[in-house]
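Shown below: coords_32.txt, with compact mmCIF, C-alpha atoms and all ligand atoms.
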```
# COMPACT_ATOMS: atom_id res chain seq x y z
CA MET A 86 26.13 -8.78 8.15
CA SER A 87 23.69 -6.23 6.75
CA PRO A 88 20.17 -7.57 6.23
CA LEU A 89 20.13 -5.68 2.92
CA ALA A 90 22.31 -6.85 -0.01
CA VAL A 91 23.78 -3.81 -1.77
CA GLY A 92 24.81 -4.49 -5.35
CA ALA A 93 25.35 -2.96 -8.76
CA ALA A 94 22.57 -2.36 -11.30
CA PRO A 95 21.42 -5.76 -12.60
CA THR A 96 22.63 -6.95 -16.00
CA PRO A 97 20.11 -8.45 -18.46
CA ALA A 98 21.41 -11.92 -17.56
CA GLU A 99 20.85 -11.25 -13.86
CA LEU A 100 17.34 -9.95 -14.51
CA GLY A 101 16.35 -13.17 -16.27
CA ALA A 102 13.24 -13.54 -18.39
CA THR A 103 10.69 -13.06 -15.62
CA PRO A 104 10.41 -11.26 -12.27
CA GLN A 105 10.29 -14.68 -10.56
CA GLU A 106 13.63 -15.68 -12.10
CA TRP A 107 15.14 -12.41 -10.96
CA LEU A 108 13.77 -12.82 -7.41
CA GLY A 109 15.26 -16.31 -7.25
CA ARG A 110 18.69 -14.90 -8.06
CA LEU A 111 18.39 -12.07 -5.55
CA GLY A 112 17.31 -14.42 -2.76
CA GLY A 113 16.69 -11.69 -0.19
CA PRO A 114 16.19 -7.95 0.41
CA SER A 115 18.21 -5.99 -2.15
CA LEU A 116 19.27 -2.48 -2.98
CA PHE A 117 21.03 -1.20 -6.09
CA ARG A 118 21.67 2.13 -7.73
CA VAL A 119 21.16 2.70 -11.46
CA PRO A 120 23.23 5.62 -12.78
CA GLY A 121 21.16 8.37 -14.41
CA ARG A 122 21.80 10.95 -17.10
CA ASP A 123 22.14 13.51 -14.31
CA ARG A 124 24.45 12.03 -11.66
CA THR A 125 24.00 14.94 -9.26
CA ARG A 126 20.44 14.06 -8.21
CA SER A 127 18.68 10.86 -7.17
CA ARG A 128 15.23 9.33 -6.76
CA ALA A 129 14.13 6.17 -4.95
CA VAL A 130 11.81 3.35 -5.97
CA VAL A 131 10.79 0.90 -3.24
CA THR A 132 8.64 -2.16 -3.79
CA LEU A 133 7.83 -5.63 -2.46
CA LEU A 134 7.59 -4.48 1.15
CA HIS A 135 4.70 -6.96 0.85
CA GLY A 136 5.54 -10.19 -0.98
CA ASN A 137 2.06 -10.73 -2.38
CA GLU A 138 1.93 -7.38 -4.21
CA PRO A 139 3.63 -7.92 -7.57
CA SER A 140 2.83 -4.84 -9.69
CA GLY A 141 5.87 -2.86 -8.57
CA ILE A 142 8.45 -5.59 -9.13
CA ARG A 143 6.90 -6.43 -12.51
CA ALA A 144 7.19 -2.78 -13.54
CA CYS A 145 10.81 -2.58 -12.29
CA HIS A 146 11.75 -5.80 -14.08
CA ARG A 147 10.18 -4.62 -17.30
CA TRP A 148 11.74 -1.16 -17.13
CA LEU A 149 15.22 -2.45 -16.24
CA SER A 150 15.01 -5.06 -19.03
CA THR A 151 14.76 -2.27 -21.60
CA GLY A 152 18.26 -1.12 -20.62
CA ALA A 153 17.05 2.49 -20.49
CA THR A 154 18.95 5.13 -18.51
CA PRO A 155 16.88 6.96 -15.89
CA ALA A 156 16.83 10.75 -15.83
CA VAL A 157 18.70 10.83 -12.50
CA ASP A 158 20.48 8.24 -10.34
CA THR A 159 17.85 5.85 -9.03
CA LEU A 160 17.94 3.76 -5.92
CA PHE A 161 15.87 0.56 -6.19
CA VAL A 162 14.92 -1.18 -2.95
CA LEU A 163 13.25 -4.62 -3.02
CA GLY A 164 11.95 -5.74 0.37
CA ALA A 165 10.23 -9.09 0.97
CA VAL A 166 12.03 -10.87 -1.87
CA ALA A 167 11.97 -14.33 -0.26
CA ALA A 168 8.26 -14.09 0.58
CA ALA A 169 7.50 -13.02 -3.00
CA HIS A 170 9.58 -15.83 -4.47
CA ARG A 171 8.19 -18.59 -2.26
CA PRO A 172 6.01 -20.96 -4.38
CA PRO A 173 3.52 -20.49 -5.87
CA GLY A 174 4.89 -16.92 -6.14
CA PHE A 175 3.49 -13.62 -4.88
CA ALA A 176 1.32 -15.54 -2.41
CA TYR A 177 2.85 -14.46 0.91
CA ARG A 178 2.64 -10.95 2.32
CA MET A 179 5.57 -11.99 4.52
CA LEU A 180 7.17 -15.33 5.33
CA PRO A 181 5.32 -17.35 7.98
CA GLY A 182 6.60 -16.32 11.40
CA SER A 183 7.87 -12.96 10.15
CA ARG A 184 6.46 -9.53 10.87
CA ASP A 185 4.83 -7.26 8.31
CA LEU A 186 7.85 -5.29 7.03
CA ASN A 187 5.79 -2.18 6.27
CA ARG A 188 4.86 -1.91 9.96
CA CYS A 189 8.50 -1.94 11.13
CA PHE A 190 9.75 1.50 10.00
CA ARG A 191 9.75 2.98 13.48
CA ALA A 192 11.61 2.59 16.75
CA PRO A 193 12.63 0.31 18.34
CA PHE A 194 13.51 -1.42 15.01
CA ALA A 195 13.47 -4.77 16.81
CA GLY A 196 14.06 -8.20 15.29
CA PRO A 197 15.18 -9.06 11.74
CA GLU A 198 12.42 -6.99 10.08
CA GLY A 199 13.25 -3.99 12.26
CA ALA A 200 16.94 -4.29 11.36
CA LEU A 201 16.03 -4.49 7.66
CA ALA A 202 13.75 -1.45 7.95
CA ALA A 203 16.54 0.52 9.66
CA ALA A 204 19.04 -0.50 6.94
CA ILE A 205 16.60 0.60 4.20
CA LEU A 206 16.02 3.96 5.91
CA ALA A 207 19.76 4.53 6.37
CA ALA A 208 20.42 3.83 2.66
CA ILE A 209 17.62 6.17 1.59
CA ASP A 210 18.83 8.83 3.99
CA ALA A 211 22.36 8.62 2.59
CA ALA A 212 21.11 8.92 -1.02
CA ARG A 213 19.02 12.03 -0.23
CA PRO A 214 16.54 11.36 -3.06
CA GLU A 215 14.42 14.24 -4.37
CA ALA A 216 11.37 11.92 -4.41
CA LEU A 217 10.44 8.41 -3.28
CA ILE A 218 7.68 6.11 -4.46
CA ASP A 219 6.74 2.87 -2.69
CA LEU A 220 4.68 0.59 -4.95
CA HIS A 221 1.97 -1.70 -3.51
CA ASN A 222 -1.24 -3.56 -4.43
CA ASN A 223 -4.49 -4.15 -2.58
CA THR A 224 -6.33 -7.44 -2.14
CA GLY A 225 -9.76 -5.98 -3.01
CA HIS A 226 -11.17 -4.14 -6.01
CA ASN A 227 -9.69 -0.65 -5.75
CA PRO A 228 -8.76 1.99 -8.25
CA ALA A 229 -5.14 3.15 -8.05
CA TYR A 230 -4.43 5.81 -5.41
CA GLY A 231 -1.62 7.44 -3.48
CA VAL A 232 -1.24 7.68 0.29
CA GLY A 233 0.86 10.27 2.08
CA THR A 234 1.35 11.81 5.49
CA VAL A 235 0.97 15.35 4.13
CA VAL A 236 -1.14 16.85 1.34
CA ASP A 237 1.32 18.95 -0.65
CA ALA A 238 2.19 19.73 -4.26
CA ALA A 239 5.01 17.17 -4.39
CA ARG A 240 2.90 14.26 -3.17
CA LEU A 241 -0.06 15.13 -5.38
CA ARG A 242 2.24 15.51 -8.35
CA LEU A 243 3.95 12.15 -7.71
CA THR A 244 0.60 10.43 -7.19
CA SER A 245 -0.73 11.93 -10.43
CA LEU A 246 1.84 9.86 -12.36
CA PHE A 247 -0.20 6.82 -11.29
CA ALA A 248 -3.65 7.86 -10.12
CA THR A 249 -6.19 10.63 -9.64
CA ARG A 250 -6.95 9.86 -5.98
CA PHE A 251 -4.88 10.72 -2.94
CA VAL A 252 -5.48 9.69 0.67
CA HIS A 253 -4.07 11.89 3.41
CA SER A 254 -3.46 9.57 6.34
CA THR A 255 -2.49 10.70 9.81
CA ILE A 256 -2.67 7.14 11.17
CA ARG A 257 0.80 5.91 12.13
CA LEU A 258 1.41 2.23 11.42
CA GLY A 259 5.18 2.14 11.03
CA ALA A 260 5.07 2.37 7.22
CA LEU A 261 8.10 3.43 5.18
CA THR A 262 6.50 6.61 3.86
CA GLU A 263 5.80 7.75 7.43
CA ALA A 264 9.47 7.39 8.35
CA ALA A 265 10.57 9.05 5.08
CA ALA A 266 8.06 11.89 5.48
CA GLY A 267 10.85 14.49 5.22
CA LEU A 268 11.19 13.50 1.55
CA GLY A 269 8.46 13.81 -1.05
CA ALA A 270 7.43 10.20 -0.31
CA VAL A 271 4.21 8.52 -1.38
CA THR A 272 2.82 5.03 -1.14
CA ILE A 273 1.18 4.07 -4.42
CA GLU A 274 -1.53 1.42 -4.29
CA CYS A 275 -1.64 0.34 -7.94
CA GLY A 276 -4.88 -1.68 -7.73
CA ARG A 277 -5.73 -5.28 -7.01
CA ALA A 278 -2.83 -7.77 -6.93
CA GLY A 279 -2.90 -9.94 -10.04
CA ASP A 280 -5.04 -7.53 -12.06
CA PRO A 281 -3.24 -6.70 -15.34
CA ALA A 282 -4.70 -3.18 -15.07
CA ALA A 283 -2.77 -2.67 -11.82
CA ASP A 284 0.45 -3.84 -13.49
CA ALA A 285 -0.19 -1.39 -16.33
CA VAL A 286 -0.65 1.47 -13.83
CA ALA A 287 2.67 0.59 -12.20
CA CYS A 288 4.51 0.36 -15.54
CA ALA A 289 3.21 3.66 -16.91
CA GLY A 290 3.76 5.54 -13.66
CA LEU A 291 7.24 4.14 -13.09
CA ASP A 292 8.24 5.05 -16.63
CA ALA A 293 7.05 8.63 -16.08
CA PHE A 294 8.82 8.79 -12.69
CA LEU A 295 12.13 7.54 -14.08
CA SER A 296 12.08 9.36 -17.43
CA ALA A 297 11.16 12.93 -16.44
CA ALA A 298 14.22 15.19 -16.22
CA ASP A 299 12.18 17.46 -13.95
CA LEU A 300 9.32 16.02 -11.90
CA GLU A 301 8.09 19.61 -11.28
CA LEU A 302 7.29 18.78 -7.69
CA ASP A 303 6.27 22.38 -6.94
CA ALA A 304 3.71 22.48 -9.77
CA ALA A 305 0.04 21.51 -9.58
CA PRO A 306 -0.73 18.05 -10.98
CA ALA A 307 -1.77 17.97 -14.63
CA THR A 308 -5.03 16.22 -13.71
CA ALA A 309 -7.68 17.10 -11.10
CA MET A 310 -7.07 15.07 -7.94
CA THR A 311 -9.66 13.73 -5.49
CA VAL A 312 -8.28 14.09 -1.96
CA LEU A 313 -9.62 11.94 0.88
CA VAL A 314 -8.85 12.84 4.47
CA ASP A 315 -9.17 11.66 8.08
CA PRO A 316 -9.28 7.89 7.47
CA VAL A 317 -10.16 5.64 10.37
CA ARG A 318 -8.98 2.05 10.28
CA VAL A 319 -11.91 -0.35 10.54
CA ALA A 320 -10.94 -3.80 11.79
CA VAL A 321 -12.62 -6.90 13.17
CA ARG A 322 -12.84 -7.02 16.95
CA GLN A 323 -10.58 -9.69 18.43
CA GLY A 324 -12.28 -13.11 18.54
CA VAL A 325 -15.15 -12.24 16.16
CA ARG A 326 -15.49 -14.86 13.42
CA ILE A 327 -16.20 -13.38 10.00
CA ALA A 328 -17.03 -14.50 6.48
CA PHE A 329 -17.80 -12.78 3.23
CA ALA A 330 -21.13 -14.57 2.80
CA GLU A 331 -24.82 -14.47 3.68
CA LEU A 332 -26.07 -15.41 7.14
CA PRO A 333 -26.82 -17.88 8.51
CA ALA A 334 -23.40 -19.46 8.05
CA ALA A 335 -22.05 -22.03 10.48
CA GLY A 336 -19.48 -20.69 12.94
CA VAL A 337 -19.77 -17.10 11.70
CA ASP A 338 -20.54 -14.12 13.95
CA PHE A 339 -20.41 -11.37 11.37
CA ALA A 340 -21.13 -11.86 7.67
CA LEU A 341 -19.92 -9.11 5.36
CA ARG A 342 -21.30 -8.53 1.91
CA SER A 343 -19.18 -10.51 -0.56
CA ASP A 344 -19.30 -7.63 -3.04
CA ILE A 345 -18.37 -5.06 -0.39
CA ASP A 346 -15.13 -4.13 -2.18
CA ARG A 347 -17.15 -2.90 -5.17
CA HIS A 348 -17.92 0.16 -3.08
CA ASN A 349 -14.33 1.28 -2.68
CA PHE A 350 -14.04 5.06 -3.14
CA GLU A 351 -17.83 5.39 -3.49
CA PRO A 352 -19.46 7.80 -1.04
CA LEU A 353 -21.79 5.85 1.28
CA LEU A 354 -24.74 7.60 2.92
CA PRO A 355 -25.86 6.86 6.49
CA GLY A 356 -27.79 3.59 6.64
CA ALA A 357 -25.73 1.68 4.07
CA PRO A 358 -25.50 -1.99 5.13
CA VAL A 359 -22.02 -3.35 5.85
CA GLY A 360 -22.89 -6.84 7.10
CA SER A 361 -25.14 -9.03 9.25
CA LEU A 362 -24.63 -10.06 12.85
CA ALA A 363 -25.60 -13.55 14.03
CA ALA A 364 -28.03 -13.74 16.97
CA GLY A 365 -26.17 -13.17 20.24
CA ALA A 366 -22.88 -12.22 18.53
CA PRO A 367 -20.86 -9.38 20.10
CA TRP A 368 -20.29 -5.95 18.50
CA PRO A 369 -17.97 -6.88 15.61
CA LEU A 370 -15.96 -3.78 14.75
CA VAL A 371 -13.21 -1.58 16.06
CA ALA A 372 -12.40 1.68 14.26
CA ARG A 373 -9.44 3.83 15.19
CA GLY A 374 -8.23 7.16 13.84
CA ALA A 375 -4.91 8.87 14.45
CA ASP A 376 -5.54 9.24 18.21
CA GLY A 377 -6.13 5.50 18.62
CA GLU A 378 -9.56 5.82 20.25
CA ASP A 379 -12.22 3.31 19.14
CA VAL A 380 -14.89 5.31 17.27
CA SER A 381 -16.65 2.32 15.69
CA ARG A 382 -19.99 3.25 17.28
CA ASP A 383 -19.81 6.76 15.83
CA TYR A 384 -19.35 5.31 12.36
CA PHE A 385 -21.60 2.24 12.49
CA VAL A 386 -24.83 1.24 14.22
CA ALA A 387 -26.93 -1.91 14.58
CA ASP A 388 -30.26 -1.84 12.76
CA GLY A 389 -31.90 -5.14 13.74
CA SER A 390 -29.38 -7.80 12.73
CA LEU A 391 -27.72 -5.47 10.20
CA ILE A 392 -24.68 -3.31 10.88
CA VAL A 393 -25.14 -0.12 8.85
CA THR A 394 -23.16 3.10 8.41
CA ARG A 395 -24.11 5.79 10.89
CA ARG A 396 -22.59 8.70 9.00
CA ALA A 397 -21.54 9.50 5.44
CA MET A 398 -18.14 8.06 4.56
CA VAL A 399 -15.97 6.96 1.67
CA PRO A 400 -14.67 3.41 2.23
CA ILE A 401 -11.25 2.68 0.78
CA MET A 402 -9.03 -0.37 0.62
CA MET A 403 -11.92 -2.74 1.37
CA THR A 404 -10.92 -6.36 1.18
CA THR A 405 -12.97 -9.53 0.68
CA SER A 406 -10.17 -11.77 1.96
CA VAL A 407 -10.75 -13.11 5.48
CA ASP A 408 -6.98 -13.54 5.94
CA ALA A 409 -6.25 -9.94 4.90
CA ALA A 410 -9.10 -8.66 7.07
CA LEU A 411 -7.85 -10.48 10.16
CA ALA A 412 -4.12 -9.85 9.55
CA ASP A 413 -4.58 -6.16 8.68
CA CYS A 414 -8.02 -4.54 8.55
CA LEU A 415 -11.38 -4.60 6.72
CA PHE A 416 -11.13 -1.13 5.21
CA TYR A 417 -10.50 2.52 5.96
CA ALA A 418 -13.39 4.98 6.22
CA ALA A 419 -12.43 8.45 4.97
CA ARG A 420 -14.18 11.62 3.84
CA GLN A 421 -13.72 13.72 0.75
CA ARG A 422 -11.94 17.01 1.27
ZN ZN A 501 1.26 -3.37 0.60
```
Would you write the structure of this file as structure tokens?
Ligand SMILES: [Zn+2]
Amino acid sequence: MSPLAVGAAPTPAELGATPQEWLGRLGGPSLFRVPGRDRTRSRAVVTLLHGNEPSGIRACHRWLSTGATPAVDTLFVLGAVAAAHRPPGFAYRMLPGSRDLNRCFRAPFAGPEGALAAAILAAIDAARPEALIDLHNNTGHNPAYGVGTVVDAARLRLTSLFATRFVHSTIRLGALTEAAAGLGAVTIECGRAGDPAADAVACAGLDAFLSAADLELDAAPATAMTVLVDPVRVAVRQGVRIAFAELPAAGVDFALRSDIDRHNFEPLLPGAPVGSLAAGAPWPLVARGADGEDVSRDYFVADGSLIVTRRAMVPIMMTTSVDAALADCLFYAARQR
């Protein structure tokens, strides 16, 4: 049995009154195709690869509830449906015991999440969409931005439907948009999960993506775009106990500033404090770029008990959730192109 349920476009009754009702009816990973005005072309909308990131599914539910016809045939792919639906709703990135689905889009496609990722890729491949957007949220305070494996007109143009910032990432994590790099594919981070502003970004951008007869993927974006490059992934070294608090705190090795996510996308100069290290605690960070080498000591340095930036950088995707920091990473450090 395929791990991905393939069905027809949902009727208003199937959609229900709320995204949660709809997710309950779907039950698991789902794919459906909505016929467009132009049946000869297609686009793809992917969302809920992370169950705790609701902006994309809210935007899809709202758009589909209008009964509008998209400009071209549109493939909708909903990933971690069960994790999203699990009470209290949009609380689980993935089900306990499962792997992060958006790290499974690469060989060997092992286990149930790998099989699902392979099925999603095969369906997208067969549809040959002219563009693909994958809608996400962050856990910290972030403006909306796009992420892609290449900086080109198509990706900047697609991102500009949602945001004015684009991150060119060469780090390979096994994300969908890495595997679908042959298409004009972008990951859109709509903003913080649960923030109505992030939902509004997703709704407006999705409407533009679905309504435009011609996305003009060869044209320059209508707005000036800020492009960030060469991100390194800054994570907590294994075994280091962290908190977003002031030191001293019991049982904490490394205390990060609790307002650290307010600095997302702000250029930091050398010497900017990141957090405080308890007496005798080990070096707390590991930072890896595309080549996988730990460059944390090139980017950060101890100044007494403080850990400060060693070079200018633009932090992005900073979180203030201990769970998110330990399960994924603290933030990415990039530079402006
Ligand atoms: Zn995500």
Identify the residues within 6 Å of coordinate (-15.5, 2.2, 4.7) (same frame as the file), considering only C-alpha atoms, and give the answer as a PDB file with C-alpha atoms, keeping the file's coordinate frame.
```pdb
ATOM      1  CA  VAL A 399     -15.970   6.960   1.670  1.00  0.00           C
ATOM      2  CA  PRO A 400     -14.670   3.410   2.230  1.00  0.00           C
ATOM      3  CA  ILE A 401     -11.250   2.680   0.780  1.00  0.00           C
ATOM      4  CA  PHE A 416     -11.130  -1.130   5.210  1.00  0.00           C
ATOM      5  CA  TYR A 417     -10.500   2.520   5.960  1.00  0.00           C
ATOM      6  CA  ALA A 418     -13.390   4.980   6.220  1.00  0.00           C
TER       7      ALA A 418
END
```
Using only C-alpha atoms and all ligand atoms, tabulate the residues of chain A lying at most 10 Å from any atom of ligand ZN 501 (chain A), each with its closest atom pair and that distance in Å to one decimal, by chain and increasing residue number, as CSV.
```
residue,atom,partner,partner_atom,distance
A:Thr132,CA,A:ZN501,ZN,8.7
A:Leu133,CA,A:ZN501,ZN,7.6
A:Leu134,CA,A:ZN501,ZN,6.5
A:His135,CA,A:ZN501,ZN,5.0
A:Gly136,CA,A:ZN501,ZN,8.2
A:Asn137,CA,A:ZN501,ZN,8.0
A:Glu138,CA,A:ZN501,ZN,6.3
A:Pro139,CA,A:ZN501,ZN,9.6
A:Arg178,CA,A:ZN501,ZN,7.9
A:Asp185,CA,A:ZN501,ZN,9.3
A:Leu186,CA,A:ZN501,ZN,9.4
A:Asn187,CA,A:ZN501,ZN,7.4
A:Asp219,CA,A:ZN501,ZN,8.9
A:Leu220,CA,A:ZN501,ZN,7.6
A:His221,CA,A:ZN501,ZN,4.5
A:Asn222,CA,A:ZN501,ZN,5.6
A:Asn223,CA,A:ZN501,ZN,6.6
A:Thr224,CA,A:ZN501,ZN,9.0
A:Ala260,CA,A:ZN501,ZN,9.6
A:Thr272,CA,A:ZN501,ZN,8.7
A:Ile273,CA,A:ZN501,ZN,9.0
A:Glu274,CA,A:ZN501,ZN,7.4
A:Cys275,CA,A:ZN501,ZN,9.8
A:Ala278,CA,A:ZN501,ZN,9.6
```
From A:Gly269, A:Ser183, A:Gly233, A:Leu300, residue lying nearest Glu198 of chain A [all atoms listed in the file] |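 Of A:Gly269, A:Ser183, A:Gly233, A:Leu300, the one nearest Glu198 of chain A, counting all atoms listed in the file, is A:Ser183.
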Contacts of Leu411 of chain A within 9 Å, all atoms listed in the file, excl. fewer than 2 positions in-chain, as number ranges by chain | A: 320-321, 323, 327, 406-409, 413-415
Compare A:Pro181, A:Pro120, A:Pro281, A:Pro88 by their minimum atom-to-atom distance to Gly196 of chain A, counting only C-alpha atoms, and give me the closest one.
->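 Residue with the minimum atom-to-atom distance to Gly196 of chain A: A:Pro88.
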